Amino acid sequence: MFGNLFGRNEEPVDVSDKVIKISKARCPQNHACPSVRVCPVGALKQKGYGLPHADMSKCVKCGKCINYCPMRAIYFE
Ligand code: SF4
């Protein structure tokens with residue numbers, strides 16, 4: 001059974017057992033993360049221009065941060 005449905009190609013993906021990961025290699029860490037603003041529950045945090053961190057105790061796995069990141073640095077794993 002699918003929990004929250006999310007897929008970059010609009011195909012349903014079961015993310016119920018996944019967590020948000022943020023790629024150090026993809027994130028340039030030189031700007032205010034635009035995805036922080038779109039998180040509906042304030043689960044995504046950033047210190048300065050550092051690599052954002054997702055608090056999975058708050059995250060509802062909506063996938064908005066993933067879709068919003070222009071560098072595609074945020075993903076479920
Ligand atoms: S998946 Fe949704 S709730 Fe979770 S960190 Fe991203 S925007 Fe926030």
# chains A, B, ... in the order shown; residues from 1 in each chain; ligands from 1
$ residues_near_ligand --ligand "ligand 1" --cutoff "12 Å" --atoms "only C-alpha atoms and all ligand atoms" --output "NGL selection string"
:A and (4-7 or 15-16 or 18-22 or 33-46 or 52-69 or 73-77)
$ residues_around --residues "Tyr49 (chain A)" --least-positions-apart "6" --cutoff "9 Å" --atoms "only C-alpha atoms" --output "number ranges by chain"
A: 28-33
$ write_last_selection --atoms "all heavy atoms" --output "short mmCIF file (atom, residue, chain, number, x, y, z; two decimals), in the first residue's frame"
data_model
loop_
_atom_site.label_atom_id
_atom_site.label_comp_id
_atom_site.auth_asym_id
_atom_site.auth_seq_id
_atom_site.Cartn_x
_atom_site.Cartn_y
_atom_site.Cartn_z
N PRO A 28 25.48 23.40 -3.86
CA PRO A 28 26.65 24.27 -3.86
C PRO A 28 26.93 24.93 -2.51
O PRO A 28 28.03 25.44 -2.29
CB PRO A 28 26.31 25.32 -4.93
CG PRO A 28 24.84 25.24 -5.13
CD PRO A 28 24.39 23.88 -4.70
N GLN A 29 25.95 24.90 -1.60
CA GLN A 29 26.13 25.44 -0.24
C GLN A 29 26.65 26.88 -0.25
O GLN A 29 27.56 27.22 0.52
CB GLN A 29 27.09 24.52 0.56
CG GLN A 29 26.53 23.10 0.68
CD GLN A 29 27.55 22.10 1.16
OE1 GLN A 29 28.04 22.19 2.27
NE2 GLN A 29 27.89 21.14 0.30
N ASN A 30 26.07 27.67 -1.15
CA ASN A 30 26.51 29.07 -1.24
C ASN A 30 25.31 30.01 -1.34
O ASN A 30 25.45 31.14 -1.81
CB ASN A 30 27.44 29.26 -2.45
CG ASN A 30 26.75 28.96 -3.77
OD1 ASN A 30 25.56 28.64 -3.80
ND2 ASN A 30 27.49 29.06 -4.85
N HIS A 31 24.14 29.56 -0.91
CA HIS A 31 22.94 30.38 -1.01
C HIS A 31 21.89 29.90 0.00
O HIS A 31 22.00 28.79 0.51
CB HIS A 31 22.35 30.30 -2.43
CG HIS A 31 21.96 28.90 -2.82
ND1 HIS A 31 22.87 27.95 -3.23
CD2 HIS A 31 20.75 28.29 -2.82
CE1 HIS A 31 22.24 26.82 -3.50
NE2 HIS A 31 20.94 27.00 -3.24
N ALA A 32 20.90 30.75 0.23
CA ALA A 32 19.78 30.33 1.07
C ALA A 32 18.98 29.29 0.29
O ALA A 32 18.56 29.54 -0.84
CB ALA A 32 18.91 31.53 1.41
N CYS A 33 18.81 28.13 0.87
CA CYS A 33 18.13 27.02 0.18
C CYS A 33 16.67 27.37 -0.10
O CYS A 33 15.89 27.61 0.83
CB CYS A 33 18.20 25.77 1.05
SG CYS A 33 17.23 24.40 0.39
#
$ residues_around --residues "Cys27 (chain A)" --least-positions-apart "2" --cutoff "7 Å" --atoms "only C-alpha atoms" --output "ChimeraX atom specification"
/A:23-25,29,51,71,73
$ write_last_selection --atoms "C-alpha atoms" --output "tab-separated table (two decimals), in the first residue's frame"
chain	number	residue	atom	x	y	z
A	23	SER	CA	23.68	15.50	-1.65
A	24	LYS	CA	26.81	17.40	-0.63
A	25	ALA	CA	28.12	16.92	-4.14
A	29	GLN	CA	26.13	25.44	-0.24
A	51	LEU	CA	23.91	21.93	3.60
A	71	MET	CA	20.18	21.42	-8.26
A	73	ALA	CA	20.30	17.80	-4.50
$ select_by_dssp --residues "chain A" --states "helix (DSSP H, G or I)" --output "list in words"
Pro34, Ser35, Val36, Arg37, Val38, Lys64, Cys65, Ile66, Asn67 and Tyr68 of chain A
$ select_by_dssp --residues "chain A" --states "strand (DSSP E)" --output "JSON list (two decimals) with N, CA, C and O atoms, in the first residue's frame"
[["chain", "number", "residue", "atom", "x", "y", "z"],
["A", 20, "ILE", "N", 14.59, 11.72, 3.71],
["A", 20, "ILE", "CA", 15.14, 12.77, 2.85],
["A", 20, "ILE", "C", 16.66, 12.80, 2.99],
["A", 20, "ILE", "O", 17.18, 12.83, 4.11],
["A", 21, "LYS", "N", 17.33, 12.80, 1.87],
["A", 21, "LYS", "CA", 18.79, 12.93, 1.85],
["A", 21, "LYS", "C", 19.13, 14.17, 1.04],
["A", 21, "LYS", "O", 18.41, 14.53, 0.10],
["A", 22, "ILE", "N", 20.25, 14.78, 1.36],
["A", 22, "ILE", "CA", 20.70, 15.95, 0.61],
["A", 22, "ILE", "C", 22.14, 15.72, 0.20],
["A", 22, "ILE", "O", 23.00, 15.43, 1.03],
["A", 44, "LEU", "N", 12.70, 21.21, 7.03],
["A", 44, "LEU", "CA", 13.99, 21.43, 6.37],
["A", 44, "LEU", "C", 14.65, 22.66, 6.99],
["A", 44, "LEU", "O", 14.06, 23.75, 7.02],
["A", 45, "LYS", "N", 15.87, 22.48, 7.50],
["A", 45, "LYS", "CA", 16.58, 23.58, 8.17],
["A", 45, "LYS", "C", 17.93, 23.78, 7.50],
["A", 45, "LYS", "O", 18.52, 22.84, 6.96],
["A", 53, "HIS", "N", 19.29, 20.34, 6.28],
["A", 53, "HIS", "CA", 19.07, 19.08, 7.00],
["A", 53, "HIS", "C", 17.57, 18.89, 7.16],
["A", 53, "HIS", "O", 16.85, 19.82, 7.48],
["A", 54, "ALA", "N", 17.09, 17.69, 6.91],
["A", 54, "ALA", "CA", 15.67, 17.40, 7.07],
["A", 54, "ALA", "C", 15.44, 16.66, 8.39],
["A", 54, "ALA", "O", 16.07, 15.64, 8.66],
["A", 74, "ILE", "N", 18.19, 17.17, -3.43],
["A", 74, "ILE", "CA", 17.38, 16.56, -2.38],
["A", 74, "ILE", "C", 16.65, 15.35, -2.96],
["A", 74, "ILE", "O", 16.09, 15.43, -4.04],
["A", 75, "TYR", "N", 16.70, 14.26, -2.22],
["A", 75, "TYR", "CA", 16.09, 13.04, -2.74],
["A", 75, "TYR", "C", 15.66, 12.13, -1.59],
["A", 75, "TYR", "O", 16.11, 12.29, -0.45],
["A", 76, "PHE", "N", 14.78, 11.20, -1.91],
["A", 76, "PHE", "CA", 14.41, 10.17, -0.95],
["A", 76, "PHE", "C", 15.35, 8.98, -1.11],
["A", 76, "PHE", "O", 15.72, 8.62, -2.22]]
$ decode --residues "region 39-55 of chain A" --atoms "all heavy atoms" --output "JSON list (two decimals), in the first residue's frame"
[["chain", "number", "residue", "atom", "x", "y", "z"],
["A", 39, "CYS", "N", 8.79, 23.91, 2.42],
["A", 39, "CYS", "CA", 8.40, 22.81, 3.32],
["A", 39, "CYS", "C", 7.22, 23.25, 4.18],
["A", 39, "CYS", "O", 7.31, 24.22, 4.91],
["A", 39, "CYS", "CB", 9.58, 22.40, 4.20],
["A", 39, "CYS", "SG", 9.12, 21.10, 5.38],
["A", 40, "PRO", "N", 6.10, 22.52, 4.10],
["A", 40, "PRO", "CA", 4.88, 22.95, 4.80],
["A", 40, "PRO", "C", 4.95, 22.75, 6.31],
["A", 40, "PRO", "O", 4.12, 23.29, 7.03],
["A", 40, "PRO", "CB", 3.79, 22.07, 4.18],
["A", 40, "PRO", "CG", 4.51, 20.85, 3.72],
["A", 40, "PRO", "CD", 5.88, 21.31, 3.29],
["A", 41, "VAL", "N", 5.92, 21.98, 6.78],
["A", 41, "VAL", "CA", 5.97, 21.68, 8.22],
["A", 41, "VAL", "C", 7.26, 22.14, 8.89],
["A", 41, "VAL", "O", 7.51, 21.83, 10.05],
["A", 41, "VAL", "CB", 5.76, 20.17, 8.47],
["A", 41, "VAL", "CG1", 4.36, 19.74, 8.05],
["A", 41, "VAL", "CG2", 6.81, 19.33, 7.76],
["A", 42, "GLY", "N", 8.09, 22.90, 8.16],
["A", 42, "GLY", "CA", 9.33, 23.40, 8.75],
["A", 42, "GLY", "C", 10.33, 22.31, 9.08],
["A", 42, "GLY", "O", 11.12, 22.45, 10.01],
["A", 43, "ALA", "N", 10.32, 21.24, 8.32],
["A", 43, "ALA", "CA", 11.23, 20.13, 8.60],
["A", 43, "ALA", "C", 12.62, 20.34, 8.02],
["A", 43, "ALA", "O", 13.58, 19.72, 8.47],
["A", 43, "ALA", "CB", 10.65, 18.83, 8.04],
["A", 44, "LEU", "N", 12.70, 21.21, 7.03],
["A", 44, "LEU", "CA", 13.99, 21.43, 6.37],
["A", 44, "LEU", "C", 14.65, 22.66, 6.99],
["A", 44, "LEU", "O", 14.06, 23.75, 7.02],
["A", 44, "LEU", "CB", 13.75, 21.65, 4.87],
["A", 44, "LEU", "CG", 14.88, 21.30, 3.91],
["A", 44, "LEU", "CD1", 15.31, 19.85, 4.05],
["A", 44, "LEU", "CD2", 14.46, 21.60, 2.49],
["A", 45, "LYS", "N", 15.87, 22.48, 7.50],
["A", 45, "LYS", "CA", 16.58, 23.58, 8.17],
["A", 45, "LYS", "C", 17.93, 23.78, 7.50],
["A", 45, "LYS", "O", 18.52, 22.84, 6.96],
["A", 45, "LYS", "CB", 16.82, 23.23, 9.65],
["A", 45, "LYS", "CG", 15.55, 22.95, 10.43],
["A", 45, "LYS", "CD", 14.84, 24.22, 10.80],
["A", 45, "LYS", "CE", 13.66, 23.93, 11.70],
["A", 45, "LYS", "NZ", 12.71, 25.00, 11.75],
["A", 46, "GLN", "N", 18.39, 25.02, 7.59],
["A", 46, "GLN", "CA", 19.71, 25.33, 7.03],
["A", 46, "GLN", "C", 20.40, 26.30, 7.96],
["A", 46, "GLN", "O", 19.81, 27.29, 8.41],
["A", 46, "GLN", "CB", 19.54, 25.97, 5.64],
["A", 46, "GLN", "CG", 20.87, 26.27, 4.97],
["A", 46, "GLN", "CD", 20.68, 27.01, 3.65],
["A", 46, "GLN", "OE1", 19.76, 27.80, 3.50],
["A", 46, "GLN", "NE2", 21.55, 26.75, 2.70],
["A", 47, "LYS", "N", 21.65, 26.03, 8.28],
["A", 47, "LYS", "CA", 22.47, 26.98, 9.06],
["A", 47, "LYS", "C", 23.32, 27.75, 8.08],
["A", 47, "LYS", "O", 24.14, 27.17, 7.35],
["A", 47, "LYS", "CB", 23.37, 26.22, 10.03],
["A", 47, "LYS", "CG", 22.61, 25.70, 11.25],
["A", 47, "LYS", "CD", 23.58, 25.12, 12.27],
["A", 47, "LYS", "CE", 22.79, 24.52, 13.42],
["A", 47, "LYS", "NZ", 23.59, 23.57, 14.21],
["A", 48, "GLY", "N", 23.13, 29.08, 8.07],
["A", 48, "GLY", "CA", 23.86, 29.90, 7.10],
["A", 48, "GLY", "C", 23.54, 29.42, 5.69],
["A", 48, "GLY", "O", 22.38, 29.19, 5.35],
["A", 49, "TYR", "N", 24.58, 29.26, 4.90],
["A", 49, "TYR", "CA", 24.39, 28.73, 3.55],
["A", 49, "TYR", "C", 24.83, 27.27, 3.48],
["A", 49, "TYR", "O", 25.13, 26.73, 2.41],
["A", 49, "TYR", "CB", 25.21, 29.54, 2.54],
["A", 49, "TYR", "CG", 24.66, 30.92, 2.26],
["A", 49, "TYR", "CD1", 25.42, 31.85, 1.54],
["A", 49, "TYR", "CD2", 23.41, 31.31, 2.70],
["A", 49, "TYR", "CE1", 24.94, 33.11, 1.27],
["A", 49, "TYR", "CE2", 22.91, 32.57, 2.44],
["A", 49, "TYR", "CZ", 23.69, 33.47, 1.72],
["A", 49, "TYR", "OH", 23.20, 34.72, 1.46],
["A", 50, "GLY", "N", 24.84, 26.63, 4.63],
["A", 50, "GLY", "CA", 25.32, 25.25, 4.70],
["A", 50, "GLY", "C", 24.34, 24.25, 4.10],
["A", 50, "GLY", "O", 23.25, 24.60, 3.64],
["A", 51, "LEU", "N", 24.75, 23.02, 4.12],
["A", 51, "LEU", "CA", 23.91, 21.93, 3.60],
["A", 51, "LEU", "C", 22.65, 21.83, 4.45],
["A", 51, "LEU", "O", 22.74, 21.71, 5.67],
["A", 51, "LEU", "CB", 24.69, 20.62, 3.66],
["A", 51, "LEU", "CG", 24.14, 19.45, 2.86],
["A", 51, "LEU", "CD1", 24.36, 19.67, 1.37],
["A", 51, "LEU", "CD2", 24.81, 18.15, 3.30],
["A", 52, "PRO", "N", 21.47, 21.91, 3.84],
["A", 52, "PRO", "CA", 20.24, 21.78, 4.62],
["A", 52, "PRO", "C", 20.13, 20.40, 5.27],
["A", 52, "PRO", "O", 20.77, 19.43, 4.84],
["A", 52, "PRO", "CB", 19.13, 21.98, 3.58],
["A", 52, "PRO", "CG", 19.79, 22.65, 2.44],
["A", 52, "PRO", "CD", 21.20, 22.15, 2.43],
["A", 53, "HIS", "N", 19.29, 20.34, 6.28],
["A", 53, "HIS", "CA", 19.07, 19.08, 7.00],
["A", 53, "HIS", "C", 17.57, 18.89, 7.16],
["A", 53, "HIS", "O", 16.85, 19.82, 7.48],
["A", 53, "HIS", "CB", 19.75, 19.14, 8.37],
["A", 53, "HIS", "CG", 19.33, 18.04, 9.28],
["A", 53, "HIS", "ND1", 19.81, 16.76, 9.16],
["A", 53, "HIS", "CD2", 18.44, 18.02, 10.30],
["A", 53, "HIS", "CE1", 19.25, 16.00, 10.10],
["A", 53, "HIS", "NE2", 18.41, 16.74, 10.80],
["A", 54, "ALA", "N", 17.09, 17.69, 6.91],
["A", 54, "ALA", "CA", 15.67, 17.40, 7.07],
["A", 54, "ALA", "C", 15.44, 16.66, 8.39],
["A", 54, "ALA", "O", 16.07, 15.64, 8.66],
["A", 54, "ALA", "CB", 15.17, 16.55, 5.91],
["A", 55, "ASP", "N", 14.55, 17.21, 9.20],
["A", 55, "ASP", "CA", 14.15, 16.57, 10.45],
["A", 55, "ASP", "C", 13.03, 15.57, 10.14],
["A", 55, "ASP", "O", 11.89, 15.96, 9.90],
["A", 55, "ASP", "CB", 13.67, 17.64, 11.43],
["A", 55, "ASP", "CG", 13.21, 17.06, 12.76],
["A", 55, "ASP", "OD1", 13.05, 15.83, 12.86],
["A", 55, "ASP", "OD2", 13.01, 17.86, 13.69]]
